[in-house]
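Listing of protein25.txt; format and content: compact mmCIF, C-alpha atoms and all ligand atoms.
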```txt
# COMPACT_ATOMS: atom_id res chain seq x y z
CA MET A 24 0.00 0.00 0.00
CA THR A 25 1.39 3.39 -0.97
CA ASP A 26 0.63 6.64 0.85
CA GLU A 27 -0.96 8.10 -2.28
CA MET A 28 -3.72 5.68 -3.19
CA PRO A 29 -5.68 6.85 -6.25
CA ASP A 30 -9.39 6.06 -6.41
CA THR A 31 -10.28 4.21 -9.61
CA ALA A 32 -13.19 6.53 -10.19
CA THR A 33 -11.57 9.88 -9.57
CA GLY A 34 -7.80 9.43 -9.57
CA LEU A 35 -7.74 11.19 -6.17
CA ASP A 36 -6.25 9.91 -2.91
CA ILE A 37 -8.73 7.96 -0.78
CA SER A 38 -6.42 5.99 1.50
CA GLY A 39 -7.69 8.16 4.39
CA PRO A 40 -11.29 9.13 5.16
CA PRO A 41 -12.76 10.16 1.77
CA GLN A 42 -15.61 12.48 2.82
CA GLU A 43 -13.61 15.71 2.33
CA MET A 44 -12.55 14.60 -1.14
CA TYR A 45 -16.18 13.85 -2.00
CA LYS A 46 -17.11 17.40 -0.97
CA LEU A 47 -14.37 18.87 -3.16
CA LEU A 48 -15.72 16.89 -6.09
CA ARG A 49 -19.32 17.98 -5.50
CA ASP A 50 -18.39 21.64 -5.09
CA HIS A 51 -15.90 21.93 -7.96
CA MET A 52 -16.23 18.96 -10.33
CA PRO A 53 -19.66 17.36 -9.84
CA VAL A 54 -19.38 15.82 -13.30
CA MET A 55 -15.69 15.28 -13.97
CA PRO A 56 -13.83 13.82 -16.94
CA ILE A 57 -11.47 11.07 -15.82
CA ASP A 58 -8.33 10.36 -17.79
CA HIS A 59 -6.58 8.01 -15.44
CA GLU A 60 -4.61 4.97 -16.57
CA MET A 61 -7.10 2.80 -14.69
CA MET A 62 -10.17 4.37 -16.23
CA GLN A 63 -11.22 6.89 -18.86
CA GLY A 64 -14.72 8.32 -18.66
CA THR A 65 -16.72 10.58 -16.37
CA SER A 66 -17.29 10.62 -12.61
CA VAL A 67 -20.59 11.73 -11.11
CA ALA A 68 -20.74 13.03 -7.53
CA LEU A 69 -24.07 14.80 -6.83
CA HIS A 70 -26.79 12.79 -5.09
CA ASP A 71 -29.49 13.55 -7.65
CA ASP A 72 -27.26 12.74 -10.63
CA VAL A 73 -26.14 9.49 -9.01
CA VAL A 74 -29.72 8.41 -8.35
CA PHE A 75 -30.71 9.38 -11.91
CA VAL A 76 -27.95 7.19 -13.36
CA LEU A 77 -28.93 4.23 -11.16
CA GLN A 78 -32.57 4.56 -12.11
CA HIS A 79 -32.05 4.80 -15.87
CA PRO A 80 -30.42 1.57 -17.06
CA GLU A 81 -31.76 2.28 -20.58
CA ILE A 82 -29.29 5.22 -20.74
CA PHE A 83 -26.61 3.99 -18.34
CA SER A 84 -26.07 0.30 -18.99
CA SER A 85 -24.36 -2.24 -16.73
CA ASP A 86 -23.39 -4.42 -19.70
CA GLY A 87 -19.59 -4.48 -19.92
CA ALA A 88 -19.22 -2.07 -17.00
CA ALA A 89 -17.09 -4.28 -14.77
CA GLU A 90 -13.67 -5.51 -15.94
CA ILE A 91 -12.85 -8.00 -13.26
CA GLY A 92 -11.45 -11.09 -14.92
CA GLN A 93 -14.76 -12.53 -16.15
CA VAL A 94 -15.18 -13.96 -19.66
CA ARG A 95 -18.97 -13.49 -19.92
CA PRO A 96 -21.33 -10.93 -18.35
CA LEU A 97 -21.79 -11.43 -14.62
CA ILE A 98 -25.33 -12.48 -13.64
CA PRO A 99 -27.31 -10.44 -12.62
CA LEU A 100 -24.91 -7.46 -12.24
CA GLU A 101 -24.14 -6.96 -15.95
CA ILE A 102 -27.55 -7.89 -17.34
CA ASP A 103 -29.75 -4.92 -18.25
CA PRO A 104 -33.56 -4.97 -18.15
CA PRO A 105 -35.67 -6.68 -19.34
CA GLY A 106 -33.47 -9.82 -19.03
CA HIS A 107 -32.32 -8.83 -15.55
CA SER A 108 -35.63 -9.38 -13.72
CA LYS A 109 -35.89 -13.09 -14.54
CA TYR A 110 -32.63 -13.73 -12.69
CA ARG A 111 -33.67 -11.59 -9.73
CA LYS A 112 -36.95 -13.52 -9.54
CA LEU A 113 -34.87 -16.66 -9.13
CA LEU A 114 -32.23 -15.25 -6.78
CA ASP A 115 -34.22 -12.92 -4.49
CA PRO A 116 -35.96 -15.72 -2.52
CA LEU A 117 -32.56 -17.19 -1.54
CA PHE A 118 -31.71 -13.96 0.28
CA ALA A 119 -35.18 -13.16 1.65
CA PRO A 120 -35.38 -11.98 5.29
CA ARG A 121 -36.83 -15.34 6.43
CA ARG A 122 -33.91 -17.27 4.92
CA VAL A 123 -31.45 -14.84 6.47
CA ALA A 124 -33.13 -15.12 9.91
CA ASP A 125 -32.39 -18.87 9.87
CA LEU A 126 -28.66 -18.04 9.73
CA GLU A 127 -28.64 -15.65 12.68
CA SER A 128 -27.86 -18.08 15.51
CA SER A 129 -25.00 -19.81 13.63
CA THR A 130 -23.60 -16.38 12.71
CA ARG A 131 -23.74 -15.32 16.38
CA GLU A 132 -21.95 -18.51 17.39
CA LEU A 133 -19.24 -17.91 14.79
CA VAL A 134 -18.67 -14.28 15.90
CA ASN A 135 -18.23 -15.52 19.47
CA GLN A 136 -15.74 -18.19 18.44
CA LEU A 137 -13.71 -15.55 16.60
CA ILE A 138 -13.85 -13.19 19.61
CA ASP A 139 -12.87 -16.09 21.95
CA ALA A 140 -9.65 -16.49 19.95
CA VAL A 141 -8.45 -12.92 20.68
CA ILE A 142 -10.25 -11.55 23.72
CA ASP A 143 -7.63 -12.52 26.31
CA ASP A 144 -4.87 -10.90 24.22
CA GLY A 145 -6.35 -7.41 24.74
CA ALA A 146 -5.41 -6.66 21.12
CA CYS A 147 -6.10 -7.84 17.60
CA ASN A 148 -5.93 -6.92 13.98
CA PHE A 149 -9.72 -6.64 13.57
CA HIS A 150 -9.65 -7.20 9.82
CA GLU A 151 -7.76 -10.49 10.20
CA ALA A 152 -9.46 -11.70 13.37
CA ILE A 153 -13.11 -10.90 12.58
CA GLY A 154 -13.71 -8.67 9.55
CA GLU A 155 -12.46 -11.17 7.00
CA PRO A 156 -13.23 -14.63 8.48
CA LEU A 157 -16.80 -13.89 9.60
CA PRO A 158 -18.48 -12.99 6.28
CA SER A 159 -16.24 -15.37 4.32
CA GLN A 160 -17.29 -18.36 6.40
CA VAL A 161 -20.98 -17.40 6.40
CA PHE A 162 -20.93 -16.98 2.62
CA LEU A 163 -18.88 -20.08 1.74
CA THR A 164 -21.13 -22.29 3.88
CA MET A 165 -24.36 -21.06 2.30
CA PHE A 166 -22.95 -21.03 -1.21
CA GLY A 167 -21.40 -24.50 -1.00
CA LEU A 168 -17.63 -24.00 -1.12
CA PRO A 169 -15.28 -25.62 1.44
CA VAL A 170 -14.72 -23.34 4.46
CA GLU A 171 -11.32 -24.93 5.13
CA ARG A 172 -10.11 -23.29 1.88
CA THR A 173 -11.15 -19.78 3.05
CA ALA A 174 -7.61 -18.35 2.90
CA GLU A 175 -7.15 -19.55 -0.70
CA PHE A 176 -10.53 -18.12 -1.78
CA VAL A 177 -9.91 -14.78 -0.04
CA ALA A 178 -6.55 -14.55 -1.86
CA LEU A 179 -8.31 -15.21 -5.19
CA LYS A 180 -10.94 -12.55 -4.43
CA ASP A 181 -8.15 -10.08 -3.55
CA GLY A 182 -6.37 -11.01 -6.79
CA ILE A 183 -9.40 -9.59 -8.65
CA ILE A 184 -10.33 -6.64 -6.42
CA ARG A 185 -6.79 -5.54 -5.45
CA PRO A 186 -4.33 -7.16 -7.89
CA ASP A 187 -0.72 -6.62 -6.87
CA GLY A 188 0.61 -5.80 -10.35
CA THR A 189 3.46 -3.57 -11.48
CA ASP A 190 1.24 -1.48 -13.80
CA VAL A 191 -2.26 -1.40 -15.26
CA ASP A 192 -1.50 -4.00 -17.95
CA ASP A 193 0.09 -6.32 -15.42
CA GLU A 194 -2.96 -5.93 -13.18
CA ALA A 195 -5.28 -6.80 -16.08
CA ARG A 196 -3.19 -9.91 -16.74
CA LEU A 197 -3.31 -10.91 -13.06
CA ARG A 198 -7.10 -10.41 -13.00
CA GLU A 199 -7.50 -12.62 -16.06
CA GLU A 200 -5.34 -15.37 -14.55
CA THR A 201 -7.13 -15.16 -11.21
CA GLY A 202 -10.51 -15.16 -12.96
CA GLN A 203 -9.62 -18.47 -14.61
CA LYS A 204 -8.75 -19.95 -11.21
CA ILE A 205 -12.11 -18.82 -9.80
CA TYR A 206 -13.93 -20.45 -12.73
CA SER A 207 -12.01 -23.70 -11.99
CA VAL A 208 -12.99 -23.63 -8.30
CA LEU A 209 -16.63 -23.08 -9.27
CA GLN A 210 -16.57 -25.71 -12.02
CA GLU A 211 -15.14 -28.27 -9.59
CA ALA A 212 -17.96 -27.56 -7.12
CA ILE A 213 -20.59 -27.75 -9.92
CA ASP A 214 -19.20 -31.12 -11.10
CA GLU A 215 -19.48 -32.49 -7.55
CA ARG A 216 -23.11 -31.33 -7.28
CA LEU A 217 -23.93 -32.85 -10.67
CA GLU A 218 -22.87 -36.19 -9.10
CA GLU A 219 -24.79 -35.54 -5.90
CA ARG A 220 -26.88 -32.55 -4.77
CA ARG A 221 -26.28 -30.98 -1.32
CA ASP A 222 -28.03 -28.39 0.81
CA ASP A 223 -26.41 -25.33 -0.74
CA PHE A 224 -26.89 -22.59 -3.35
CA ILE A 225 -24.90 -24.33 -6.09
CA SER A 226 -27.25 -27.33 -5.91
CA GLN A 227 -30.29 -25.05 -5.94
CA PHE A 228 -28.99 -23.15 -8.98
CA LEU A 229 -28.58 -26.43 -10.88
CA ASP A 230 -32.25 -27.28 -10.28
CA ALA A 231 -33.58 -23.75 -10.80
CA GLU A 232 -35.70 -22.78 -13.78
CA VAL A 233 -35.91 -19.37 -15.43
CA ASP A 234 -38.87 -18.94 -17.84
CA GLY A 235 -39.29 -22.72 -17.96
CA HIS A 236 -35.60 -23.37 -18.77
CA ARG A 237 -32.96 -24.82 -16.48
CA LEU A 238 -29.92 -22.57 -15.90
CA THR A 239 -26.97 -23.70 -17.99
CA THR A 240 -23.62 -24.54 -16.38
CA ASP A 241 -22.31 -21.24 -17.78
CA ASP A 242 -25.20 -19.38 -16.09
CA VAL A 243 -24.30 -21.00 -12.76
CA LEU A 244 -20.64 -20.05 -13.29
CA ASP A 245 -21.60 -16.45 -14.13
CA ILE A 246 -23.76 -16.15 -11.01
CA GLY A 247 -21.10 -17.90 -8.92
CA PHE A 248 -18.28 -15.61 -10.10
CA LEU A 249 -20.21 -12.52 -8.97
CA PHE A 250 -21.27 -14.07 -5.65
CA PHE A 251 -17.67 -15.12 -4.98
CA LEU A 252 -16.56 -11.47 -5.15
CA ALA A 253 -19.64 -9.90 -3.54
CA GLY A 254 -19.84 -12.48 -0.75
CA LEU A 255 -16.17 -12.37 0.19
CA ASP A 256 -15.43 -8.64 0.30
CA THR A 257 -18.32 -6.27 0.94
CA VAL A 258 -19.26 -7.19 4.51
CA THR A 259 -15.56 -7.32 5.41
CA ALA A 260 -15.13 -3.78 4.09
CA SER A 261 -18.22 -2.65 6.02
CA LEU A 262 -17.09 -4.20 9.32
CA ASP A 263 -13.61 -2.71 8.92
CA CYS A 264 -14.99 0.78 8.17
CA MET A 265 -17.49 0.62 11.04
CA LEU A 266 -14.97 -0.52 13.66
CA ALA A 267 -12.42 2.05 12.42
CA HIS A 268 -15.02 4.78 12.94
CA LEU A 269 -16.15 3.49 16.35
CA ALA A 270 -12.57 3.03 17.61
CA GLN A 271 -11.96 6.72 16.92
CA ASN A 272 -15.29 8.04 18.19
CA PRO A 273 -15.64 6.98 21.83
CA ASP A 274 -19.09 8.57 22.30
CA ASP A 275 -20.57 6.55 19.44
CA GLN A 276 -18.79 3.45 20.74
CA ARG A 277 -20.10 3.91 24.32
CA ARG A 278 -23.60 4.41 23.02
CA LEU A 279 -23.58 1.04 21.26
CA SER A 280 -22.03 -0.76 24.24
CA GLU A 281 -24.62 0.72 26.62
CA ASN A 282 -27.63 0.60 24.25
CA PRO A 283 -27.43 -2.42 21.94
CA SER A 284 -30.93 -1.64 20.66
CA ASP A 285 -29.39 1.37 18.86
CA ILE A 286 -27.19 -0.92 16.75
CA PRO A 287 -29.57 -1.37 13.76
CA ALA A 288 -29.84 2.43 13.34
CA ALA A 289 -26.06 2.75 13.78
CA VAL A 290 -25.50 0.15 11.04
CA GLU A 291 -27.60 2.23 8.62
CA GLU A 292 -25.91 5.49 9.53
CA LEU A 293 -22.42 4.02 9.29
CA LEU A 294 -23.31 2.46 5.93
CA ARG A 295 -24.31 5.97 4.80
CA TRP A 296 -21.27 7.74 6.24
CA GLU A 297 -18.64 5.16 5.26
CA THR A 298 -20.26 3.79 2.05
CA PRO A 299 -17.90 0.79 2.03
CA VAL A 300 -18.65 0.05 -1.67
CA SER A 301 -17.76 3.59 -2.65
CA GLY A 302 -18.92 3.50 -6.27
CA VAL A 303 -20.26 1.51 -9.20
CA ILE A 304 -19.68 1.78 -12.95
CA ARG A 305 -22.06 2.20 -15.89
CA VAL A 306 -21.63 2.71 -19.65
CA ALA A 307 -23.61 5.44 -21.47
CA VAL A 308 -25.45 3.84 -24.40
CA GLN A 309 -26.39 7.18 -25.99
CA ASP A 310 -25.13 10.76 -25.98
CA THR A 311 -26.61 12.36 -22.90
CA GLU A 312 -25.92 14.94 -20.18
CA LEU A 313 -25.85 15.26 -16.41
CA SER A 314 -26.04 18.62 -14.59
CA GLY A 315 -25.60 20.27 -18.01
CA CYS A 316 -22.35 18.40 -18.78
CA PRO A 317 -22.24 16.26 -21.92
CA ILE A 318 -21.59 12.53 -21.67
CA ALA A 319 -20.78 10.73 -24.90
CA LYS A 320 -22.18 7.39 -26.00
CA GLY A 321 -19.73 4.69 -24.93
CA ASP A 322 -18.33 6.70 -21.98
CA LYS A 323 -17.79 4.82 -18.75
CA VAL A 324 -19.48 6.56 -15.86
CA ALA A 325 -18.07 6.20 -12.31
CA VAL A 326 -21.07 6.62 -10.03
CA ASN A 327 -19.86 7.95 -6.66
CA LEU A 328 -22.19 6.42 -4.07
CA GLY A 329 -20.05 7.71 -1.17
CA SER A 330 -20.38 11.29 -2.36
CA ALA A 331 -24.14 10.93 -2.92
CA ASN A 332 -24.49 9.60 0.63
CA THR A 333 -22.78 12.69 2.07
CA ASP A 334 -24.21 15.36 -0.26
CA GLU A 335 -25.40 18.31 1.84
CA ARG A 336 -27.77 19.25 -1.01
CA PHE A 337 -29.79 16.14 -0.10
CA TRP A 338 -28.97 15.34 3.54
CA ASP A 339 -29.63 17.44 6.64
CA ASP A 340 -26.40 17.63 8.66
CA ALA A 341 -24.67 15.50 6.05
CA ASP A 342 -21.34 15.65 7.93
CA THR A 343 -22.76 14.49 11.27
CA VAL A 344 -22.78 10.80 12.10
CA ASP A 345 -26.19 10.70 13.75
CA PHE A 346 -27.62 7.42 15.03
CA ASP A 347 -30.94 9.22 15.62
CA ARG A 348 -31.55 10.09 11.96
CA GLU A 349 -35.26 9.42 11.50
CA VAL A 350 -35.19 8.86 7.76
CA ASN A 351 -32.07 7.34 6.26
CA LYS A 352 -32.49 6.68 2.54
CA HIS A 353 -28.81 5.96 1.94
CA ILE A 354 -27.69 4.24 -1.25
CA ALA A 355 -24.80 2.22 0.17
CA PHE A 356 -26.50 -0.84 -1.38
CA GLY A 357 -26.93 0.96 -4.72
CA GLY A 358 -30.34 1.74 -6.20
CA GLY A 359 -32.62 0.93 -9.12
CA VAL A 360 -32.88 -2.57 -10.55
CA HIS A 361 -29.37 -3.65 -9.48
CA ARG A 362 -29.87 -2.73 -5.81
CA CYS A 363 -27.91 -5.21 -3.69
CA LEU A 364 -29.28 -8.72 -3.58
CA GLY A 365 -27.41 -9.51 -0.34
CA SER A 366 -28.56 -6.51 1.73
CA HIS A 367 -30.62 -8.51 4.27
CA LEU A 368 -27.77 -10.95 4.79
CA ALA A 369 -25.24 -8.11 5.09
CA ARG A 370 -27.39 -6.21 7.60
CA MET A 371 -27.84 -9.31 9.76
CA GLU A 372 -24.09 -10.04 9.81
CA LEU A 373 -23.23 -6.41 10.61
CA ARG A 374 -25.81 -6.17 13.41
CA VAL A 375 -24.90 -9.50 15.02
CA CYS A 376 -21.19 -8.73 14.86
CA LEU A 377 -21.60 -5.26 16.40
CA GLU A 378 -23.91 -6.69 19.12
CA GLU A 379 -21.52 -9.44 20.15
CA TRP A 380 -18.36 -7.34 19.84
CA HIS A 381 -19.73 -4.52 22.03
CA ARG A 382 -21.18 -6.96 24.55
CA ARG A 383 -17.79 -8.59 25.03
CA VAL A 384 -15.39 -5.72 24.24
CA PRO A 385 -17.35 -2.67 25.42
CA SER A 386 -14.39 -0.28 25.32
CA TYR A 387 -11.55 -0.32 22.80
CA GLN A 388 -9.36 2.00 20.78
CA LEU A 389 -6.88 2.10 17.92
CA LYS A 390 -3.45 0.77 18.85
CA PRO A 391 -1.45 3.95 19.63
CA GLY A 392 0.68 5.07 16.70
CA THR A 393 -1.47 3.35 14.05
CA THR A 394 -3.64 5.05 11.41
CA PRO A 395 -6.30 3.14 9.48
CA GLN A 396 -5.53 2.93 5.76
CA TYR A 397 -8.48 2.29 3.45
CA THR A 398 -8.09 0.31 0.24
CA MET A 399 -9.65 1.82 -2.86
CA GLY A 400 -13.06 1.07 -4.32
CA LEU A 401 -14.14 -1.46 -1.73
CA ARG A 402 -12.87 0.13 1.45
CA ASN A 403 -11.15 -2.59 3.49
CA VAL A 404 -8.92 -1.52 6.40
CA ASP A 405 -6.47 -4.38 6.64
CA ASN A 406 -4.22 -2.56 9.15
CA LEU A 407 -7.02 -2.04 11.72
CA GLU A 408 -5.19 -2.73 15.00
CA LEU A 409 -7.44 -2.50 18.08
CA VAL A 410 -6.50 -2.65 21.80
CA TRP A 411 -8.64 -2.98 24.95
CA GLU A 412 -8.23 -3.67 28.66
CA ASN A 413 -9.40 -6.94 30.18
C1 LIG B 1 -22.60 -4.34 3.42
C2 LIG B 1 -22.34 -5.20 2.43
C3 LIG B 1 -22.70 -4.95 1.01
C4 LIG B 1 -22.68 -3.77 0.31
C5 LIG B 1 -22.32 -2.39 0.83
C6 LIG B 1 -23.11 -4.08 -1.05
C7 LIG B 1 -23.23 -3.15 -2.05
C8 LIG B 1 -23.76 -3.41 -3.29
C9 LIG B 1 -23.99 -2.42 -4.33
C10 LIG B 1 -23.62 -0.95 -4.21
C11 LIG B 1 -24.55 -3.04 -5.38
C12 LIG B 1 -25.01 -2.38 -6.70
C13 LIG B 1 -24.06 -2.67 -7.83
C14 LIG B 1 -24.41 -1.88 -9.09
O1 LIG B 1 -25.40 -1.16 -9.11
O2 LIG B 1 -23.65 -1.97 -10.06
C15 LIG B 1 -24.68 -4.44 -5.04
C16 LIG B 1 -25.20 -5.41 -5.88
C17 LIG B 1 -25.16 -6.76 -5.59
N1 LIG B 1 -24.79 -7.35 -4.40
FE1 LIG B 1 -24.18 -6.39 -2.73
N2 LIG B 1 -23.35 -5.43 -1.14
C18 LIG B 1 -23.12 -6.00 0.08
C19 LIG B 1 -23.25 -7.34 0.42
C20 LIG B 1 -23.57 -8.33 -0.45
C21 LIG B 1 -23.58 -9.74 -0.15
C22 LIG B 1 -23.25 -10.34 1.22
C23 LIG B 1 -23.94 -10.40 -1.29
C24 LIG B 1 -24.12 -11.89 -1.57
C25 LIG B 1 -23.63 -12.85 -0.85
C26 LIG B 1 -24.18 -9.40 -2.30
C27 LIG B 1 -24.58 -9.66 -3.59
C28 LIG B 1 -24.87 -8.71 -4.53
C29 LIG B 1 -25.34 -9.03 -5.87
C30 LIG B 1 -25.58 -10.42 -6.44
C31 LIG B 1 -25.52 -7.79 -6.53
C32 LIG B 1 -26.01 -7.59 -7.97
C33 LIG B 1 -27.48 -7.32 -7.97
C34 LIG B 1 -28.03 -7.06 -9.36
O3 LIG B 1 -27.26 -6.78 -10.28
O4 LIG B 1 -29.25 -7.17 -9.53
N3 LIG B 1 -23.95 -8.17 -1.77
N4 LIG B 1 -24.20 -4.64 -3.76
```
Write out the structure in this file as C-alpha cells.
Amino acid sequence: MTDEMPDTATGLDISGPPQEMYKLLRDHMPVMPIDHEMMQGTSVALHDDVVFVLQHPEIFSSDGAAEIGQVRPLIPLEIDPPGHSKYRKLLDPLFAPRRVADLESSTRELVNQLIDAVIDDGACNFHEAIGEPLPSQVFLTMFGLPVERTAEFVALKDGIIRPDGTDVDDEARLREETGQKIYSVLQEAIDERLEERRDDFISQFLDAEVDGHRLTTDDVLDIGFLFFLAGLDTVTASLDCMLAHLAQNPDDQRRLSENPSDIPAAVEELLRWETPVSGVIRVAVQDTELSGCPIAKGDKVAVNLGSANTDERFWDDADTVDFDREVNKHIAFGGGVHRCLGSHLARMELRVCLEEWHRRVPSYQLKPGTTPQYTMGLRNVDNLELVWEN
C-alpha cells in the first residue's frame, strides 16, 4: 500500500477518510472527466445525478461495465432490463429476510468463536481476526464451497479486487489469470453437485428454472463468479470501516455498548457515512448529459455512491454521524434494478457482529501510533489494530 492511493473513479487519494474529497468533487467537479490509466470516462458526484444514473439503465447500462477477470457478463450485475428481472426472480428468494433469519444463531456462534480467539490478548488486527473470516465463512457455507479453503478463496478474491501488479497492464493480466482460477474452483464444485446434490446454493442453482428453462452450467458459473466477489469482500469492508469509525469516536462506541438496541440504526448510519462500496460503474449507451455536462455514447461513468451519501444538497447535517436520523435513505447498497441482492444478509451479519463485539469488548481504541488505511473502491482496512483492557 502506498501513501498516495488513487481512487479508480476519480484518480484522487482515498487511503484516508474520503468524505472531504467527495465534498471537493461535489463543489468543484460534480461531473468530472477522468483520464486516469485505470479508467477513462466521467465521474458523477451529486446525489441527484447518481440516483438518476442508477434509475435509468436504458441510458446507463451495466453491460460491460465491470472488468474484473470474467469472460462473460456477470449475472445479474451486468444484465440490463428486461433480461435482468428473470434472474432476480430466481435469486431474491434465496436472500429473503426469512432465509437470512435462519442463519442468525450460527452467525452469532461464529462471531463468538472468533472473539474467543483474541479476547484474552487485549489486542487484535480486527480485519484479520473478525472482519475477514466472519463474512467469508458465512458466505462459503451457504454457497457450498469448502470453508477450510477460506484463505485460498480470499486470496483469489483479492487477486481480482486488489491485484498486486506492477502497472495497469500487469494488473489486467493478473485479473485474467485469477478469474480463470475462480472459474475452476466453481466448475469443480458444480461437477461435484452434478454427481450428488447438497443443501447449498450451487445445488439449488442447478435445479432452478428461469422462464421454464434450467440454468446452464455457464449461467451458474456467471452467477457464482459474482457471488464469490460480492460475498467475500463487501461485509468485510463494512465491518472494517465501522470498527475504524467506532474506535476513533468513543461517544458513538459507548452508546452502542450501553444501548445495543441502537445498533440497527447505527449500522444504517455508518453504511451511509462510510459507504464501504464507494462506487459503481455504468456505460452510457447514448449521448446524454448530467447537470448540463455532456456525456458521450460509450463513456464509462463512475457513479460515486459515497459522495451521494454525504451530499449536503440532499442530507440534513450531512457531515454528522447521527444514530438518531429518523429517515435514512442511503444508497450504500446501490439503487434501481441492481440494488444489492445480499442486503438482508449483510445487515444481519453487521448487526450480530456489532452486538456481540460490544457486549464482550465494550471499550476499545486504535493501537497507539497506528492510522487506518483504506483500500480503494471497496474500502477494506487491513491494518485495523485495536487494543482494549481486560
Ligand atoms: C454491506 C455489504 C454490502 C454492500 C455495501 C453491497 C453493495 C452493493 C452495491 C452498491 C450493489 C449495486 C451494484 C451496481 O449497481 O452496479 C450491489 C449489488 C449486488 N450485491 Fe451487494 N453489497 C453488500 C453485500 C452483499 C452480499 C453479502 C452479497 C451476496 C452474498 C451481495 C450480492 C450482490 C449481488 C448479487 C448484486 C447484484 C445485484 C443485481 O445486479 O441485480 N452483496 N451490492
Q: State, in Å with one decimal place, the distance from atom CA of Glu215 of chain A to atom CA of Lys112 of chain A.
A: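 Atom-to-atom, atom CA of Glu215 of chain A and atom CA of Lys112 of chain A are spaced 25.9 Å apart.
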Q.
Set the distance at 7 Å and use only C-alpha atoms: which residues neighbour segment 335-352 of chain A once local chain neighbours fewer than 4 positions away are removed? I'd like the list as a list in words.
A.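 Here the qualifying residues turn out to be His70, Ala288, Ala289, Glu292 and Trp296 of chain A.
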**Q.** Surrounding residues of segment 305-312 of chain A excluding itself and chain neighbours under 4 positions, 10 Å, all atoms listed in the file, as a PyMOL selection string
**A.** chain A and resi 54+64-65+72+76-77+80-89+101+316-326
Q.
Hey, which residues sit close to ligand LIG 1 (chain B)? Say within 7 Å, counting all atoms listed in the file, and write them as a PyMOL selection string.
A. chain A and resi 77+85+98-101+107+111+162+249-250+253-254+257-258+261+298-300+302-304+355-358+360-366+368-370
Q: Excluding segment 185-187 of chain A and any residue of its chain fewer than 6 positions from it, enumerate the residues within 7 Å of it, using all atoms listed in the file, and give them as a VMD selection string.
A: chain A and resid 194 197 to 198
How close does segment 220-284 of chain A get to segment 378-388 of chain A? List, as CSV, each residue of segment 220-284 of chain A within 12 Å, its nearest atom pair and the distance in Å to one decimal, counting all atoms listed in the file.
```
residue,atom,partner,partner_atom,distance
A:Leu262,CA,A:Trp380,CA,11.1
A:Met265,CA,A:Trp380,CA,11.9
A:Leu266,CA,A:Gln388,CA,9.4
A:Ala267,CA,A:Gln388,CA,8.9
A:His268,CA,A:Gln388,CA,10.1
A:Leu269,CA,A:Gln388,CA,8.2
A:Ala270,CA,A:Gln388,CA,4.6
A:Gln271,CA,A:Gln388,CA,6.6
A:Asn272,CA,A:Gln388,CA,8.9
A:Pro273,CA,A:Gln388,CA,8.1
A:Asp274,CA,A:Ser386,CA,10.5
A:Asp275,CA,A:Ser386,CA,10.9
A:Gln276,CA,A:Ser386,CA,7.4
A:Arg277,CA,A:Ser386,CA,7.2
A:Arg278,CA,A:Pro385,CA,9.7
A:Leu279,CA,A:His381,CA,6.8
A:Ser280,CA,A:His381,CA,4.9
A:Glu281,CA,A:Pro385,CA,8.1
A:Asn282,CA,A:Glu378,CA,9.7
A:Pro283,CA,A:Glu378,CA,6.2
A:Ser284,CA,A:Glu378,CA,8.8
```
Q | Nearest to Met44 of chain A, chosen from A:Pro105, A:Pro158, A:Gly329, A:Pro56, with all atoms listed in the file counted in the distances | A |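 Checking each candidate against Met44 of chain A, we get A:Gly329 as the closest.
If you look at atom CA of Leu401 of chain A and atom CA of Glu90 of chain A, they are 14.8 Å away from each other.
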Q: Find the residues near segment 229-238 of chain A: any atom within 10 Å, counting all atoms listed in the file, skip ones fewer than 6 places away on the same chain, and give them as a ChimeraX atom specification.
A: /A:109-114,213,216-217,220,244
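Neighbouring residues of Gly182 of chain A at 12 Å or closer, counting all atoms listed in the file and skipping chain neighbours under 2 positions away, are Ile91, Gly92, Glu175, Phe176, Val177, Ala178, Leu179, Lys180, Ile184, Arg185, Pro186, Asp187, Gly188, Asp193, Glu194, Ala195, Arg196, Leu197, Arg198, Glu199, Glu200, Thr201, Gly202, Gln203, Lys204, Ile205, Leu252 and Asp256 of chain A.
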Q. What does the distance between atom CA of Glu372 of chain A and atom CA of Thr393 of chain A come to in Å, to one decimal place?
A.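 Atom CA of Thr393 of chain A lies at a distance of 26.6 Å from atom CA of Glu372 of chain A.
Using all atoms listed in the file, the nearest neighbour of Gly145 of chain A within the list A:Thr130, A:Thr333, A:Asn413, A:Gln78 is A:Asn413.
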Q) In file coordinates, which residues lie within 6 Å of (-2.3, 0.2, -14.2) using all atoms listed in the file, given as a ChimeraX atom specification? A) /A:60-61,190-192
Q) Counting only C-alpha atoms, which of A:Ser330, A:Gln210, A:Gln227, A:Thr164 gets nearest to Phe248 of chain A? A) A:Gln210
